[in-house]
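To keep things clear, I will list the structure first and then write my remarks on it.
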Amino acid sequence: MHIFAKTAATAVALTLGATSVSAEGKIVIYHWFEYIPQELLDKFTSETGIEVTMDTYDSNEAMLASLKAGGMGTYDVAVPGDYMVSIMIGEGMLDEIGDGELKNKGNIAPEWADPSFDPGWMHSIPYQWGSTSFMVDTAVFDGNIDTTDILFNPPAELSGKINMLDSQGEVLAMAALHLGIPQCSSDREQLKALNDMLQNAKAHWASFNSDTAKEVLVSGDAAVGQIYDGFGAKARAERGSLKYAFPTQGYVAWMDNVVLLKDAPNRDSAIAFMDFLLMPENIAAVSNYARYGSGLSGVGEYLDPELASLPESNPPATAGPAVFIEVCDEATQAVYDQIWTNVKK
Amino acid sequence: MAGAAATGGSARSETYASARNWLLLPSWAVLGIFVLAPVAMMLVYSFLTKEFRGGVIWEFTLSAYDQFFFDRGLFGDEPAKIEWTYILIFWRSIWQAGLATLLALLIGFPTAYFIATRPAQTRTVWVFLITIPYWVNLLIRTVSMKFLLRDQGPLNDFLLATGLIDDPIRIINTNAAVQIGLFYSYLPFMVLPIYASVERYNFALSEAAADLYANKWTTLRRIVIPSVRPGIIAGCILVFVPSLGAFLAPDLLGGAKNFMIGSLIEEQFKGNAGNWPFGAAASMILLTLVLVILMFLARQQARADREATS
C-alpha cells in the first residue's frame, strides 16, 4: 500500500511538473519502548516536515530477531545497545554514514569520540548511556552493598529476595566481574567455576524480571534487584530506602546508539533525524525524560539540574571499573548459552 | 439419517458432493494458509543448520533434535548421554498445565451446572458476567493477579487482618502462583463448553434416576457426567493446550526462574541464544505431543460414544 501511495504521488507530481519539496517526508523508527518523549518527535516533525512512524521493542535480541526475520528495508533507524551495534556491523545490517553527511557530528563529547563498538561513529550516533548495577532496600539490609556478593553470595536477610534481569548478557557479565574472569573466557576451569557459582547463586534468587525490574523493588517484592541507573533513579523517587550499588568488583556500562540501517527506505530522513538528535537541546530532552547521560557536549544548560547530582549516575571513588558487555565468538558463545540454559532449566 | 441420505437419489447427491467440494474451498484455503503452511515452515526450519545470532543456513541437519535429546556436556565434547534438561522442562509444563486444567474443571463444572440450572432469562446474564473480565488484555489481567497475590498485596493483607495467618504467605514467584494464573486465564474456556452441554441435558433423566433410588452422587457420576462428557473434554482441551504453551503466567507470576515450554521456545528466537532451528524443533515436539494427547482423548470419546449407543 505504501509503494502504491508513493507511486501515485510521484505520478501526480510528474503530471503537474512539480519538483518534490522535501526528501521523502517520512521516517520509520524502530525504538525501545518508552525511550523518547512524544513532544520531541512532534518537534522533529514540525521542524522538518518529516512524518514519524515508530515501532517499539523490549530487548536488543528481539530487535535483531525481528530485523533478521524480514524487517530490513522497513525501518530507517534503530537504537541498539553497544554490543549489538558491533553485532549488527558484523552482520552487515548497517549502512555507512559518509564524511560530512552529519552536520552536527562535532557535538559528540570528546570522551566518546571513538567508541570500541563503532570506531569513528561510521554507522551510528550516541543516544543515551548509563550503567547496569543493582539496588538494595536499605530498610531490609544496612550493611555494605557495594559488592557483587549481594547478588551472588548474599547475606541471609537478602536471600530469596533478589530479582535478576531476565537477560543473559547483563547477568553473565556481572557474574564474570564477580569471579574476576574475562567475559568471553575459553578457559575450561573458569567456565566450570562460573557454571557452579551461578547454580549456587540461583538458590538465593526469587525471580527474573526485566520489564518489572523497577516495580518489584518499589512494591517491596524484592529487596535487591538488578536495574539500570536511570530506572533506579525513578525507583528511588518512589521508595526512598532504595540505594544504587557501585560494586568494587565493577559494574556494567552501556550505550544505546541510533544506527542507520542498510536498505533504509528514507535514508535522507534518517540522516536528518540523526542530525536532529545531535543537537544538545534535543538530546537533553531525552535525558530529562529517561534520566540517562547523553554523550554530547554542551548539553548541561538544557538539563534538569537534578540530573547532575543523581546518586545513580555519580559513582563513588570506591567503585570498580564500568565495563561494556563483550561480543564472544560463536564457539565461546555456545558455552555461555549452555550455562544460561543451566541457570534457567 | 446419514444412511438415508446415502441411499437417496444418486445423481442429486453427486451434484451436492461437487458443490460441497467447491464450497469447502475457502475453509481449505484458510487452513492451508494459517495452519498447514506455518507448520510446514516450522518443520523445514527444524531440520536446517542454525546461523550464529539468529537465522538459518539452508543445509539439512538433525542437530536441533540431537540437542534436544542428547547431552554432550558443557563444552559439547563428552560422550552423548540422555539430555534431561528439555524433557524436564516439558514435563514441568505438562504438570503445570494439567494441574491448572484440573483446578479449572473442579471450579468450572459446578459453575457451569449452576448457570445452566438458572431460569432461562437469567442464564445469559450469568454467561455475560463470566466473560466480562476477558474483555481486558491477558497481560493486564496477569499483572493484576500479581498485585493481588504479592506479599504486601490485598490477599495477604486480608488474611493478616482476619488473624488467620501471622506472617504473609509467599505465593508470588512460586508454582502455586503459576497455577492460579493459568487457571484464572483460561477458566471461561472450561465453563462455556460445559455450560453448553449441561444446558442441553435432559433433567428428566436425573428425576428418573432419583425415582430409581439413585442418590445425588450416583446420579451425578452415572447420569450427568457421562451425558455432558463432550463438553468436559472440550473444556479440558481448551484449557490444557494454551496452558501448555503459556509464558505470561510463568514469567510474571512464577518469576521466570525456570523455563516452561513457551519461554524456552521464545528464548530461541528473542533471547541471546538465537537458535531458530532448535526453537522450531522444540515447537514440533510440542505439537506432536499435543496431537498425541488430542488423538487419545478423541479415541476415548469415540469409544464412550460407541458404548453409549450400543
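Numbering starts fresh at 1 for the residues of each chain in the C-alpha cells, the chains themselves are lettered A, B, ... in the order given, and ligands are numbered from 1 as they appear.
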
Sorted by chain and rising residue number, which residues of chain B lie within 7 Å of chain A, and what are their closest atom pairs and distances in Å to one decimal, counting only C-alpha atoms, as JSON lines?
```
{"residue": "B:Phe52", "atom": "CA", "partner": "A:Glu330", "partner_atom": "CA", "distance": 6.5}
{"residue": "B:Gly54", "atom": "CA", "partner": "A:Ala65", "partner_atom": "CA", "distance": 6.3}
{"residue": "B:Gly55", "atom": "CA", "partner": "A:Lys68", "partner_atom": "CA", "distance": 6.7}
{"residue": "B:Leu74", "atom": "CA", "partner": "A:Val335", "partner_atom": "CA", "distance": 6.2}
{"residue": "B:Phe75", "atom": "CA", "partner": "A:Val335", "partner_atom": "CA", "distance": 6.1}
{"residue": "B:Thr85", "atom": "CA", "partner": "A:Lys345", "partner_atom": "CA", "distance": 6.2}
{"residue": "B:Ile89", "atom": "CA", "partner": "A:Lys345", "partner_atom": "CA", "distance": 6.7}
{"residue": "B:Arg150", "atom": "CA", "partner": "A:Asp221", "partner_atom": "CA", "distance": 6.9}
{"residue": "B:Asp151", "atom": "CA", "partner": "A:Asp221", "partner_atom": "CA", "distance": 6.7}
{"residue": "B:Asn173", "atom": "CA", "partner": "A:Ser207", "partner_atom": "CA", "distance": 6.5}
{"residue": "B:Gly255", "atom": "CA", "partner": "A:Ser207", "partner_atom": "CA", "distance": 4.0}
{"residue": "B:Ala256", "atom": "CA", "partner": "A:Phe208", "partner_atom": "CA", "distance": 5.3}
{"residue": "B:Lys257", "atom": "CA", "partner": "A:Ser207", "partner_atom": "CA", "distance": 5.5}
{"residue": "B:Asn258", "atom": "CA", "partner": "A:Lys344", "partner_atom": "CA", "distance": 4.8}
{"residue": "B:Phe259", "atom": "CA", "partner": "A:Lys345", "partner_atom": "CA", "distance": 5.6}
{"residue": "B:Phe269", "atom": "CA", "partner": "A:Ala65", "partner_atom": "CA", "distance": 6.4}
{"residue": "B:Lys270", "atom": "CA", "partner": "A:Ala62", "partner_atom": "CA", "distance": 4.5}
{"residue": "B:Gly271", "atom": "CA", "partner": "A:Glu61", "partner_atom": "CA", "distance": 5.6}
{"residue": "B:Asn272", "atom": "CA", "partner": "A:Glu61", "partner_atom": "CA", "distance": 6.1}
{"residue": "B:Ala273", "atom": "CA", "partner": "A:Asp337", "partner_atom": "CA", "distance": 5.8}
```

Test item: residues at most 12 Å from Ile293 of chain B, only C-alpha atoms, excluding those fewer than 5 positions along its chain, as a PyMOL selection string: chain B and resi 94+98+233+236-237+240-241+244+286-288+298-300

Can I get the selected residues back with N, CA and C atoms, as a PDB file, in the first residue's frame?
```
ATOM      1  N   ILE B  94       3.823 -29.709  31.333  1.00  0.00           N
ATOM      2  CA  ILE B  94       2.653 -30.588  31.256  1.00  0.00           C
ATOM      3  C   ILE B  94       2.002 -30.701  32.629  1.00  0.00           C
ATOM      4  N   GLY B  98      -1.607 -29.475  33.484  1.00  0.00           N
ATOM      5  CA  GLY B  98      -2.539 -30.488  33.956  1.00  0.00           C
ATOM      6  C   GLY B  98      -3.219 -30.054  35.247  1.00  0.00           C
ATOM      7  N   ILE B 233     -14.710 -32.741  27.948  1.00  0.00           N
ATOM      8  CA  ILE B 233     -13.481 -32.995  27.179  1.00  0.00           C
ATOM      9  C   ILE B 233     -13.080 -31.744  26.408  1.00  0.00           C
ATOM     10  N   CYS B 236     -11.547 -29.300  28.810  1.00  0.00           N
ATOM     11  CA  CYS B 236     -10.205 -29.685  29.241  1.00  0.00           C
ATOM     12  C   CYS B 236      -9.175 -29.383  28.152  1.00  0.00           C
ATOM     13  N   ILE B 237      -9.539 -29.703  26.901  1.00  0.00           N
ATOM     14  CA  ILE B 237      -8.602 -29.436  25.804  1.00  0.00           C
ATOM     15  C   ILE B 237      -8.353 -27.938  25.682  1.00  0.00           C
ATOM     16  N   PHE B 240      -6.136 -26.958  28.667  1.00  0.00           N
ATOM     17  CA  PHE B 240      -4.828 -27.608  28.736  1.00  0.00           C
ATOM     18  C   PHE B 240      -3.876 -27.105  27.652  1.00  0.00           C
ATOM     19  N   VAL B 241      -4.368 -27.032  26.414  1.00  0.00           N
ATOM     20  CA  VAL B 241      -3.469 -26.706  25.300  1.00  0.00           C
ATOM     21  C   VAL B 241      -2.856 -25.306  25.419  1.00  0.00           C
ATOM     22  N   LEU B 244      -0.294 -25.119  28.224  1.00  0.00           N
ATOM     23  CA  LEU B 244       0.961 -25.803  27.929  1.00  0.00           C
ATOM     24  C   LEU B 244       1.977 -24.849  27.308  1.00  0.00           C
ATOM     25  N   LEU B 286       6.530 -30.272  20.700  1.00  0.00           N
ATOM     26  CA  LEU B 286       5.340 -29.862  21.458  1.00  0.00           C
ATOM     27  C   LEU B 286       4.070 -30.171  20.667  1.00  0.00           C
ATOM     28  N   LEU B 287       4.105 -29.830  19.372  1.00  0.00           N
ATOM     29  CA  LEU B 287       2.935 -30.047  18.517  1.00  0.00           C
ATOM     30  C   LEU B 287       2.585 -31.538  18.445  1.00  0.00           C
ATOM     31  N   THR B 288       3.616 -32.365  18.283  1.00  0.00           N
ATOM     32  CA  THR B 288       3.405 -33.806  18.220  1.00  0.00           C
ATOM     33  C   THR B 288       2.773 -34.316  19.510  1.00  0.00           C
ATOM     34  N   ALA B 298      -9.733 -38.134  21.713  1.00  0.00           N
ATOM     35  CA  ALA B 298     -10.755 -38.346  20.690  1.00  0.00           C
ATOM     36  C   ALA B 298     -11.159 -39.814  20.642  1.00  0.00           C
ATOM     37  N   ARG B 299     -10.163 -40.721  20.774  1.00  0.00           N
ATOM     38  CA  ARG B 299     -10.483 -42.151  20.743  1.00  0.00           C
ATOM     39  C   ARG B 299     -11.286 -42.560  21.965  1.00  0.00           C
ATOM     40  N   GLN B 300     -10.920 -41.993  23.129  1.00  0.00           N
ATOM     41  CA  GLN B 300     -11.685 -42.249  24.343  1.00  0.00           C
ATOM     42  C   GLN B 300     -13.141 -41.859  24.126  1.00  0.00           C
TER      43      GLN B 300
END
```

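Using only C-alpha atoms, the residues found no farther than 12 Å from Asp268 of chain A, other than those of its own chain fewer than 3 positions away, are Ser22, Ala23, Glu24, Gly25, Lys26, Ile27, Val28, Thr48, Ile50, Asp76, Val77, Ile97, Glu101, Leu102, Leu260, Leu261, Asp263, Ala264, Pro265, Ile271, Ala272, Phe273, Met274 and Asp275 of chain A.
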
Residues from last step as file, C-alpha atoms, as a PDB file, in the first residue's frame:
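Writing done, so here's part36.pdb:
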```pdb
ATOM      1  CA  SER A  22      11.383  17.597   0.872  1.00  0.00           C
ATOM      2  CA  ALA A  23      13.237  14.304   0.538  1.00  0.00           C
ATOM      3  CA  GLU A  24      10.576  11.701   1.206  1.00  0.00           C
ATOM      4  CA  GLY A  25       8.712  13.327   4.012  1.00  0.00           C
ATOM      5  CA  LYS A  26       8.666  10.347   6.321  1.00  0.00           C
ATOM      6  CA  ILE A  27      10.776   8.178   8.588  1.00  0.00           C
ATOM      7  CA  VAL A  28      10.185   4.777  10.171  1.00  0.00           C
ATOM      8  CA  THR A  48      11.488  19.179   9.157  1.00  0.00           C
ATOM      9  CA  ILE A  50       9.031  14.616   8.142  1.00  0.00           C
ATOM     10  CA  ASP A  76      15.301   3.619   8.615  1.00  0.00           C
ATOM     11  CA  VAL A  77      16.885   3.740  12.058  1.00  0.00           C
ATOM     12  CA  ILE A  97      27.378   7.384   7.114  1.00  0.00           C
ATOM     13  CA  GLU A 101      26.815  13.863   5.993  1.00  0.00           C
ATOM     14  CA  LEU A 102      26.028  14.694   9.610  1.00  0.00           C
ATOM     15  CA  LEU A 260      21.465   3.877  10.089  1.00  0.00           C
ATOM     16  CA  LEU A 261      20.016   0.617   8.783  1.00  0.00           C
ATOM     17  CA  ASP A 263      18.309  -0.524   2.775  1.00  0.00           C
ATOM     18  CA  ALA A 264      16.675   2.316   4.728  1.00  0.00           C
ATOM     19  CA  PRO A 265      13.671   3.360   2.616  1.00  0.00           C
ATOM     20  CA  ILE A 271      20.226  11.432   8.402  1.00  0.00           C
ATOM     21  CA  ALA A 272      18.012  14.429   9.254  1.00  0.00           C
ATOM     22  CA  PHE A 273      16.748  12.593  12.349  1.00  0.00           C
ATOM     23  CA  MET A 274      20.294  11.771  13.474  1.00  0.00           C
ATOM     24  CA  ASP A 275      21.361  15.393  12.990  1.00  0.00           C
TER      25      ASP A 275
END
```

Could you please write out, as number ranges by chain, every residue of segment 74-296 of chain B that DSSP assigns to helix (DSSP H, G or I)? B: 85-116, 120-135, 138-149, 154-162, 175-200, 204-211, 216-245, 248-252, 261-270, 276-296

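Going from atom CA of Gly73 of chain B to atom CA of Asn153 of chain A covers 25.7 Å.
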
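You can rank A:Leu94, A:Ile29, A:Phe276, A:Tyr75 by their closest distance to Ser124 of chain A using only C-alpha atoms, and at the top of that list sits A:Leu94.
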
Using the chain letters and numbers from this document, which residues of segment 59-259 of chain B does DSSP assign to strand (DSSP E or B), as an mmCIF file with C-alpha atoms, in the first residue's frame?
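Saved to states04.cif:
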```cif
data_model
loop_
_atom_site.group_PDB
_atom_site.id
_atom_site.type_symbol
_atom_site.label_atom_id
_atom_site.label_comp_id
_atom_site.auth_asym_id
_atom_site.auth_seq_id
_atom_site.Cartn_x
_atom_site.Cartn_y
_atom_site.Cartn_z
ATOM 1 C CA GLU B 59 21.785 -27.186 4.956
ATOM 2 C CA PHE B 60 19.976 -30.268 6.209
ATOM 3 C CA PHE B 70 21.391 -35.741 23.861
ATOM 4 C CA ASP B 71 23.677 -34.117 26.404
ATOM 5 C CA LYS B 81 24.108 -39.001 27.406
ATOM 6 C CA ILE B 82 20.357 -38.579 27.539
#
```

Non-local contacts of Val198 of chain B (10 Å; only C-alpha atoms; under 4 positions in same chain excluded) as a VMD selection string: chain B and resid 109 112 to 117 192 to 194 202 to 203 224 to 225 227 to 229 231 to 232

Okay, now the selection with N, CA and C atoms, as a short mmCIF file (atom, residue, chain, number, x, y, z; two decimals), in the first residue's frame?
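again25.cif written:
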```
data_model
loop_
_atom_site.label_atom_id
_atom_site.label_comp_id
_atom_site.auth_asym_id
_atom_site.auth_seq_id
_atom_site.Cartn_x
_atom_site.Cartn_y
_atom_site.Cartn_z
N PHE B 109 -16.93 -26.84 36.47
CA PHE B 109 -18.09 -27.72 36.31
C PHE B 109 -19.27 -27.27 37.18
N ALA B 112 -20.67 -24.05 35.74
CA ALA B 112 -21.46 -24.25 34.53
C ALA B 112 -22.81 -24.88 34.88
N TYR B 113 -22.78 -25.84 35.80
CA TYR B 113 -24.01 -26.52 36.21
C TYR B 113 -24.97 -25.52 36.85
N PHE B 114 -24.40 -24.66 37.69
CA PHE B 114 -25.19 -23.62 38.36
C PHE B 114 -25.86 -22.73 37.32
N ILE B 115 -25.08 -22.26 36.35
CA ILE B 115 -25.63 -21.34 35.35
C ILE B 115 -26.74 -22.03 34.54
N ALA B 116 -26.46 -23.28 34.15
CA ALA B 116 -27.40 -23.98 33.27
C ALA B 116 -28.71 -24.29 33.98
N THR B 117 -28.70 -24.30 35.32
CA THR B 117 -29.93 -24.61 36.04
C THR B 117 -30.67 -23.36 36.51
N LEU B 192 -17.70 -22.41 29.55
CA LEU B 192 -18.63 -22.24 28.44
C LEU B 192 -18.99 -23.55 27.72
N PRO B 193 -18.01 -24.40 27.35
CA PRO B 193 -18.41 -25.66 26.69
C PRO B 193 -19.22 -26.57 27.62
N ILE B 194 -18.86 -26.61 28.91
CA ILE B 194 -19.61 -27.46 29.83
C ILE B 194 -21.03 -26.91 29.98
N ASN B 202 -31.05 -33.35 29.53
CA ASN B 202 -32.46 -33.53 29.86
C ASN B 202 -32.59 -33.86 31.35
N PHE B 203 -33.03 -32.88 32.14
CA PHE B 203 -33.05 -33.08 33.59
C PHE B 203 -34.07 -34.11 34.04
N VAL B 224 -25.29 -37.68 34.89
CA VAL B 224 -24.98 -36.32 34.42
C VAL B 224 -23.64 -36.27 33.71
N ILE B 225 -22.59 -36.75 34.40
CA ILE B 225 -21.25 -36.61 33.82
C ILE B 225 -21.12 -37.33 32.48
N SER B 227 -23.38 -37.80 30.33
CA SER B 227 -24.16 -37.07 29.33
C SER B 227 -23.45 -35.81 28.87
N VAL B 228 -22.73 -35.14 29.77
CA VAL B 228 -22.10 -33.87 29.38
C VAL B 228 -20.62 -34.07 29.08
N ARG B 229 -20.20 -35.33 28.94
CA ARG B 229 -18.80 -35.62 28.72
C ARG B 229 -18.16 -34.84 27.55
N GLY B 231 -18.70 -31.89 26.52
CA GLY B 231 -18.40 -30.54 27.00
C GLY B 231 -17.19 -30.53 27.91
N ILE B 232 -17.10 -31.56 28.78
CA ILE B 232 -15.97 -31.63 29.71
C ILE B 232 -14.66 -31.82 28.94
#
```
